[in-house]
>>> print(open('input.cif').read())   # mmCIF, C-alpha atoms and all ligand atoms
data_upload
loop_
_atom_site.label_atom_id
_atom_site.label_comp_id
_atom_site.auth_asym_id
_atom_site.auth_seq_id
_atom_site.Cartn_x
_atom_site.Cartn_y
_atom_site.Cartn_z
CA MET A 1 24.11 12.39 3.80
CA THR A 2 25.38 8.95 2.90
CA LEU A 3 27.06 6.18 4.86
CA GLN A 4 30.79 6.08 4.20
CA THR A 5 31.61 2.83 6.02
CA ALA A 6 33.83 0.57 3.92
CA ILE A 7 32.17 -2.59 2.62
CA PRO A 8 34.02 -5.91 2.40
CA PRO A 9 34.54 -6.77 -1.29
CA GLY A 10 32.29 -9.23 -3.09
CA LEU A 11 29.30 -8.45 -5.23
CA PRO A 12 26.06 -10.41 -4.77
CA ALA A 13 25.81 -13.40 -7.09
CA PHE A 14 22.92 -15.10 -8.86
CA ASP A 15 22.22 -17.37 -11.81
CA VAL A 16 22.72 -15.09 -14.84
CA ALA A 17 22.02 -17.94 -17.28
CA SER A 18 18.56 -18.47 -15.80
CA LEU A 19 17.92 -14.70 -15.89
CA CYS A 20 18.75 -14.69 -19.62
CA ALA A 21 16.59 -17.75 -20.29
CA ASP A 22 13.66 -16.12 -18.46
CA LEU A 23 14.05 -12.79 -20.27
CA THR A 24 14.17 -14.52 -23.64
CA ARG A 25 11.19 -16.74 -22.92
CA GLN A 26 8.89 -14.42 -20.95
CA GLY A 27 10.40 -10.95 -20.67
CA TRP A 28 10.84 -11.00 -16.90
CA SER A 29 12.70 -12.88 -14.19
CA GLN A 30 12.76 -13.13 -10.42
CA GLN A 31 16.14 -13.90 -8.87
CA SER A 32 17.46 -14.15 -5.36
CA LEU A 33 20.84 -12.52 -4.73
CA THR A 34 23.36 -14.05 -2.35
CA ASP A 35 23.34 -12.09 0.88
CA THR A 36 26.48 -9.97 1.01
CA ALA A 37 27.55 -7.05 3.20
CA LEU A 38 26.70 -4.84 0.23
CA LEU A 39 22.99 -5.61 0.46
CA THR A 40 22.95 -4.78 4.17
CA ALA A 41 24.85 -1.55 3.51
CA LEU A 42 22.30 -0.59 0.84
CA ARG A 43 19.42 -1.26 3.19
CA ASP A 44 21.12 0.74 5.95
CA GLU A 45 21.73 3.66 3.64
CA ALA A 46 18.19 3.65 2.24
CA GLU A 47 16.73 3.68 5.74
CA ALA A 48 19.17 6.33 7.00
CA LEU A 49 18.38 8.60 4.04
CA TRP A 50 14.67 8.14 4.62
CA ARG A 51 14.97 8.95 8.34
CA ALA A 52 17.01 12.04 7.43
CA ASP A 53 14.17 13.10 5.13
CA ALA A 54 16.48 12.88 2.11
CA LEU A 55 14.02 10.94 -0.06
CA HIS A 56 11.50 13.07 -1.89
CA ARG A 57 8.10 12.57 -3.46
CA ALA A 58 8.56 11.00 -6.86
CA GLY A 59 7.16 12.51 -10.07
CA ILE A 60 6.18 11.12 -13.45
CA GLY A 61 7.82 12.27 -16.65
CA ARG A 62 7.32 15.99 -17.04
CA ALA A 63 3.99 16.06 -15.22
CA SER A 64 3.75 19.01 -12.88
CA ASP A 65 0.22 18.43 -11.54
CA HIS A 66 1.04 17.18 -8.05
CA GLU A 67 -2.50 15.95 -7.30
CA LEU A 68 -2.47 13.90 -10.49
CA VAL A 69 0.91 12.47 -9.63
CA ARG A 70 -0.37 11.53 -6.15
CA GLU A 71 -3.12 9.45 -7.77
CA ILE A 72 -0.54 7.55 -9.80
CA ARG A 73 2.36 6.99 -7.45
CA ARG A 74 3.14 7.68 -3.81
CA ASP A 75 6.71 6.65 -3.31
CA LYS A 76 9.68 8.76 -2.29
CA THR A 77 12.92 8.45 -4.19
CA ARG A 78 16.51 9.59 -4.31
CA TRP A 79 18.72 9.12 -7.35
CA PHE A 80 22.10 7.47 -6.89
CA ASP A 81 25.02 9.86 -7.15
CA GLY A 82 27.70 7.26 -6.44
CA ALA A 83 28.76 9.14 -3.29
CA SER A 84 28.88 6.15 -0.91
CA PRO A 85 30.66 2.78 -1.04
CA ALA A 86 27.24 1.07 -1.02
CA GLN A 87 26.05 2.99 -4.07
CA ARG A 88 29.32 2.39 -5.89
CA GLY A 89 28.99 -1.32 -5.07
CA TRP A 90 25.51 -1.47 -6.61
CA LEU A 91 26.66 0.49 -9.67
CA ASP A 92 29.54 -2.02 -10.05
CA PHE A 93 27.03 -4.88 -9.84
CA ALA A 94 24.87 -3.21 -12.52
CA GLU A 95 27.90 -2.66 -14.75
CA ASP A 96 28.91 -6.33 -14.52
CA LEU A 97 25.33 -7.26 -15.36
CA ARG A 98 25.28 -4.84 -18.31
CA LEU A 99 28.42 -6.36 -19.85
CA ASP A 100 27.20 -9.89 -19.20
CA LEU A 101 23.77 -9.29 -20.76
CA ASN A 102 25.24 -7.51 -23.77
CA GLN A 103 27.47 -10.49 -24.38
CA ARG A 104 24.80 -13.14 -23.84
CA LEU A 105 21.75 -11.43 -25.37
CA ALA A 106 23.23 -8.60 -27.50
CA LEU A 107 20.91 -6.09 -25.83
CA GLY A 108 23.11 -3.08 -26.60
CA LEU A 109 22.75 -1.75 -23.06
CA PHE A 110 24.65 1.49 -22.79
CA SER A 111 24.20 3.05 -19.37
CA PHE A 112 22.51 2.57 -15.99
CA GLU A 113 20.63 4.81 -13.58
CA ALA A 114 19.09 3.93 -10.23
CA HIS A 115 17.26 5.40 -7.29
CA TYR A 116 16.41 4.39 -3.78
CA ALA A 117 12.68 4.23 -3.18
CA VAL A 118 10.56 4.00 -0.09
CA TYR A 119 6.84 3.32 -0.10
CA GLU A 120 5.57 4.58 3.23
CA PRO A 121 2.37 3.01 4.62
CA GLY A 122 -0.32 3.70 2.02
CA GLY A 123 2.26 4.02 -0.77
CA PHE A 124 1.53 2.50 -4.18
CA TYR A 125 2.35 2.88 -7.87
CA ARG A 126 -0.49 2.30 -10.35
CA LYS A 127 -0.04 0.16 -13.41
CA HIS A 128 2.47 1.63 -15.87
CA LEU A 129 5.24 0.90 -18.34
CA ASP A 130 8.73 2.16 -17.58
CA SER A 131 9.36 3.10 -21.20
CA PHE A 132 7.05 4.07 -24.03
CA ARG A 133 6.94 1.50 -26.78
CA GLY A 134 9.40 2.41 -29.50
CA ALA A 135 11.25 4.98 -27.43
CA ARG A 136 14.04 2.41 -27.03
CA ASN A 137 15.43 4.33 -24.14
CA ARG A 138 14.94 2.33 -20.99
CA ILE A 139 15.47 -1.26 -22.07
CA LEU A 140 15.74 -3.23 -18.87
CA SER A 141 14.10 -2.46 -15.52
CA SER A 142 15.37 -4.00 -12.31
CA VAL A 143 14.31 -3.73 -8.71
CA LEU A 144 16.31 -4.91 -5.70
CA TYR A 145 14.23 -5.32 -2.55
CA LEU A 146 15.66 -4.53 0.87
CA ASN A 147 13.04 -5.72 3.39
CA PRO A 148 14.10 -8.56 5.69
CA GLY A 149 11.17 -10.65 6.89
CA TRP A 150 8.54 -8.85 4.79
CA LYS A 151 5.08 -9.94 5.94
CA SER A 152 2.50 -10.84 3.32
CA ARG A 153 -0.14 -8.83 5.22
CA ASN A 154 1.92 -5.72 4.41
CA GLY A 155 1.10 -5.92 0.70
CA GLY A 156 3.55 -3.89 -1.38
CA LEU A 157 3.70 -6.54 -4.11
CA LEU A 158 5.23 -5.91 -7.51
CA ARG A 159 2.46 -7.14 -9.81
CA LEU A 160 3.44 -7.94 -13.39
CA TYR A 161 0.94 -8.08 -16.27
CA ASP A 162 1.21 -9.78 -19.63
CA GLU A 163 2.13 -7.73 -22.68
CA GLY A 164 -1.52 -7.47 -23.66
CA ASP A 165 -2.12 -5.92 -20.26
CA GLU A 166 -4.98 -8.27 -19.39
CA HIS A 167 -3.67 -10.93 -17.05
CA VAL A 168 -1.57 -10.86 -13.93
CA ILE A 169 1.53 -12.92 -14.65
CA THR A 170 2.99 -12.93 -11.18
CA ASP A 171 3.24 -11.12 -7.85
CA ILE A 172 6.73 -10.53 -6.49
CA VAL A 173 7.17 -10.18 -2.73
CA PRO A 174 9.65 -7.38 -1.84
CA GLU A 175 11.77 -9.62 0.42
CA PHE A 176 15.39 -8.73 1.14
CA GLY A 177 17.68 -9.88 -1.69
CA THR A 178 14.91 -10.51 -4.22
CA PHE A 179 15.90 -9.06 -7.58
CA ALA A 180 13.17 -8.51 -10.20
CA VAL A 181 14.19 -7.84 -13.81
CA PHE A 182 11.89 -7.15 -16.76
CA LEU A 183 11.78 -5.56 -20.21
CA SER A 184 10.88 -1.90 -19.74
CA GLU A 185 8.76 -1.59 -22.89
CA GLU A 186 6.94 -4.89 -22.61
CA ILE A 187 5.81 -5.51 -19.07
CA PRO A 188 3.08 -3.37 -17.49
CA HIS A 189 3.41 -3.48 -13.70
CA GLU A 190 2.18 -1.89 -10.49
CA VAL A 191 3.04 -1.77 -6.81
CA THR A 192 0.09 -2.71 -4.63
CA PRO A 193 -0.44 -0.56 -1.52
CA ALA A 194 2.24 -1.15 1.11
CA LEU A 195 1.21 -1.15 4.77
CA ALA A 196 4.74 -0.92 6.19
CA PRO A 197 7.76 1.06 4.96
CA ARG A 198 9.03 -0.76 1.88
CA PHE A 199 12.58 -0.13 0.67
CA SER A 200 14.00 -0.90 -2.76
CA ILE A 201 16.38 0.21 -5.45
CA ALA A 202 14.84 0.64 -8.89
CA GLY A 203 17.28 0.72 -11.79
CA TRP A 204 17.17 1.05 -15.56
CA HIS A 205 19.69 -0.04 -18.13
CA ARG A 206 19.37 2.25 -21.10
CA CYS A 207 20.26 2.26 -24.75
CA ASN A 208 20.33 6.01 -25.23
CA ASP A 209 22.64 6.42 -28.14
CA LEU A 210 20.92 6.22 -31.51
CA GLY A 211 24.26 5.76 -33.23
CA ARG A 212 24.84 2.52 -31.39
CA ALA A 213 21.71 0.78 -32.56
CA PRO A 214 21.15 1.56 -36.25
CA ALA A 215 18.59 -1.21 -36.60
CA LEU A 216 16.38 0.58 -34.10
CA GLN A 217 16.58 4.06 -35.54
CA ALA A 218 13.54 3.80 -37.80
CA LYS A 219 11.47 3.19 -34.67
CA VAL A 220 13.20 5.79 -32.59
CA LEU A 221 13.37 8.82 -34.82
CA PRO A 222 9.73 9.98 -34.87
CA ILE A 223 9.63 10.03 -31.08
CA ALA A 224 13.09 11.45 -30.62
CA ALA A 225 12.14 14.34 -32.90
CA ALA A 226 8.99 15.16 -30.89
C1 LIG A 301 9.17 1.93 -10.61
C2 LIG A 301 8.54 0.66 -10.20
C3 LIG A 301 8.47 -1.26 -8.75
C4 LIG A 301 8.77 -1.70 -7.34
O1 LIG A 301 9.86 2.56 -9.78
O2 LIG A 301 9.01 2.31 -11.79
O3 LIG A 301 7.74 0.17 -10.95
O4 LIG A 301 8.47 -2.86 -7.03
N1 LIG A 301 8.92 0.05 -9.05
O5 LIG A 301 9.28 -0.91 -6.55
MN MN A 302 8.00 0.87 -12.97
#
>>> encode(input="input.cif", output="structure tokens", more="lines below")
Ligand code: OGA
Ligand code: MN
Amino acid sequence: MTLQTAIPPGLPAFDVASLCADLTRQGWSQQSLTDTALLTALRDEAEALWRADALHRAGIGRASDHELVREIRRDKTRWFDGASPAQRGWLDFAEDLRLDLNQRLALGLFSFEAHYAVYEPGGFYRKHLDSFRGARNRILSSVLYLNPGWKSRNGGLLRLYDEGDEHVITDIVPEFGTFAVFLSEEIPHEVTPALAPRFSIAGWHRCNDLGRAPALQAKVLPIAAA
């Protein structure tokens, strides 16, 4: 089930130039989106889906060992299918961002996928990369947080590490409207245990067409053939 209530037009805004400067300089950025009806509708839908038991235990890659998966991540997710006005609004936002970033940074972003996630009390996600180096598949990771008045005692931080995987670069608090963006192949990250239900939308802009990025093919082919 999804919420079908119409949403007043107007996508959330933020400083795209500063996002691009951050990505170029450090590979990640934390932005704050203007509060629009869309963000509230997304929060409402995420919570309604969770209460209706429509979010399901997340997996990792092709791993089928459920105990192993439980040691790595304990969130519940539901992929966007574009069925509600709220989801279509977020997909429109992501498409505007895709075109803007391709123009400003020539990233060659090709498509976007996203899921709702909830970390129930005790939920976490151990340190990982969203894309294997050289796979050139997921290029840009983004997470929109949907938790008004998030308390620091509730943990649930997005913790980013440097490329060398040694130092914590920053902790991002999952407050409503906070928008974290980082390079999928470069930035190891984890979600520290959450002590209250923590809602978000994780999204990935992909470059999944080898033909579109000839300069990258030498890197891609050995993995794509595996
Ligand atoms: C992920 C992830 C981070 C977050 O879903 O891959 O790292 O803060 N999420 O929810
Ligand atoms: Mn991740």
>>> residues_near_ligand(input="input.cif", ligand="ligand MN 302 (chain A)", cutoff="8 Å", atoms="all atoms listed in the file", output="PyMOL selection string")
chain A and resi 125+128-130+141+184+188-190+202
>>> closest_atom_pairs(input="input.cif", of="chain A", to="ligand LIG 301 (chain A)", cutoff="10 Å", atoms="only C-alpha atoms and all ligand atoms", output="tab-separated table")
residue	atom	partner	partner_atom	distance
A:Ala58	CA	A:LIG301	O1	9.0
A:Ile60	CA	A:LIG301	O2	9.4
A:Arg73	CA	A:LIG301	O1	9.0
A:Asp75	CA	A:LIG301	O1	8.3
A:Lys76	CA	A:LIG301	O1	9.7
A:Thr77	CA	A:LIG301	O1	8.7
A:Ala114	CA	A:LIG301	O1	9.3
A:His115	CA	A:LIG301	O1	8.3
A:Tyr116	CA	A:LIG301	O1	9.1
A:Ala117	CA	A:LIG301	O5	7.0
A:Val118	CA	A:LIG301	O5	8.2
A:Tyr119	CA	A:LIG301	O5	8.1
A:Phe124	CA	A:LIG301	O5	8.8
A:Tyr125	CA	A:LIG301	O3	6.8
A:Arg126	CA	A:LIG301	O3	8.5
A:Lys127	CA	A:LIG301	O3	8.2
A:His128	CA	A:LIG301	O3	7.4
A:Leu129	CA	A:LIG301	O2	7.7
A:Asp130	CA	A:LIG301	O2	5.8
A:Ser131	CA	A:LIG301	O2	9.4
A:Ser141	CA	A:LIG301	O2	7.9
A:Ser142	CA	A:LIG301	C3	8.2
A:Val143	CA	A:LIG301	C4	6.1
A:Leu144	CA	A:LIG301	O5	8.1
A:Tyr145	CA	A:LIG301	O4	7.7
A:Gly156	CA	A:LIG301	O4	7.6
A:Leu157	CA	A:LIG301	O4	6.7
A:Leu158	CA	A:LIG301	O4	4.5
A:Arg159	CA	A:LIG301	O4	7.9
A:Leu160	CA	A:LIG301	O3	9.5
A:Asp171	CA	A:LIG301	O4	9.8
A:Ile172	CA	A:LIG301	O4	7.9
A:Val173	CA	A:LIG301	O4	8.6
A:Pro174	CA	A:LIG301	O4	7.0
A:Phe179	CA	A:LIG301	O4	9.7
A:Ala180	CA	A:LIG301	O4	8.0
A:Ser184	CA	A:LIG301	O2	9.2
A:Pro188	CA	A:LIG301	O3	8.8
A:His189	CA	A:LIG301	O3	6.3
A:Glu190	CA	A:LIG301	O3	5.9
A:Val191	CA	A:LIG301	O4	5.5
A:Thr192	CA	A:LIG301	O4	8.7
A:Arg198	CA	A:LIG301	O5	8.4
A:Phe199	CA	A:LIG301	O5	8.0
A:Ser200	CA	A:LIG301	O5	6.1
A:Ile201	CA	A:LIG301	O5	7.3
A:Ala202	CA	A:LIG301	O1	5.4
A:Gly203	CA	A:LIG301	O1	7.9
A:Trp204	CA	A:LIG301	O2	9.1
>>> atom_distance(input="input.cif", atom1="CA of Pro193 (chain A)", atom2="CA of Ser29 (chain A)")
22.0 Å
>>> residues_around(input="input.cif", residues="Ala48 (chain A)", least_positions_apart="4", cutoff="12 Å", atoms="all atoms listed in the file", output="list in words")
Met1, Thr2, Leu3, Gln4, Ala41, Leu42, Arg43, Asp44, Ala52, Asp53, Ala54, Leu55, Tyr116, Val118 and Phe199 of chain A
>>> atom_distance(input="input.cif", atom1="CA of Ala86 (chain A)", atom2="CA of Leu39 (chain A)")
8.1 Å
>>> closest_residue(input="input.cif", among="A:Glu47, A:Asp92, A:Glu175, A:Arg206", to="Gln31 (chain A)", atoms="all atoms listed in the file")
A:Glu175
>>> atom_distance(input="input.cif", atom1="CA of Thr178 (chain A)", atom2="CA of Gln26 (chain A)")
18.2 Å
>>> axis_aligned_box(input="input.cif", around="region 134-150 of chain A", padding_each_side="6 Å", output="lines of an AutoDock Vina configuration file")
center_x = 12.4
center_y = -2.8
center_z = -11.3
size_x = 19.8
size_y = 27.6
size_z = 48.4
>>> closest_residue(input="input.cif", among="A:Ile169, A:Asp22, A:Ala17, A:Gly59", to="Glu71 (chain A)", atoms="all atoms listed in the file")
A:Gly59
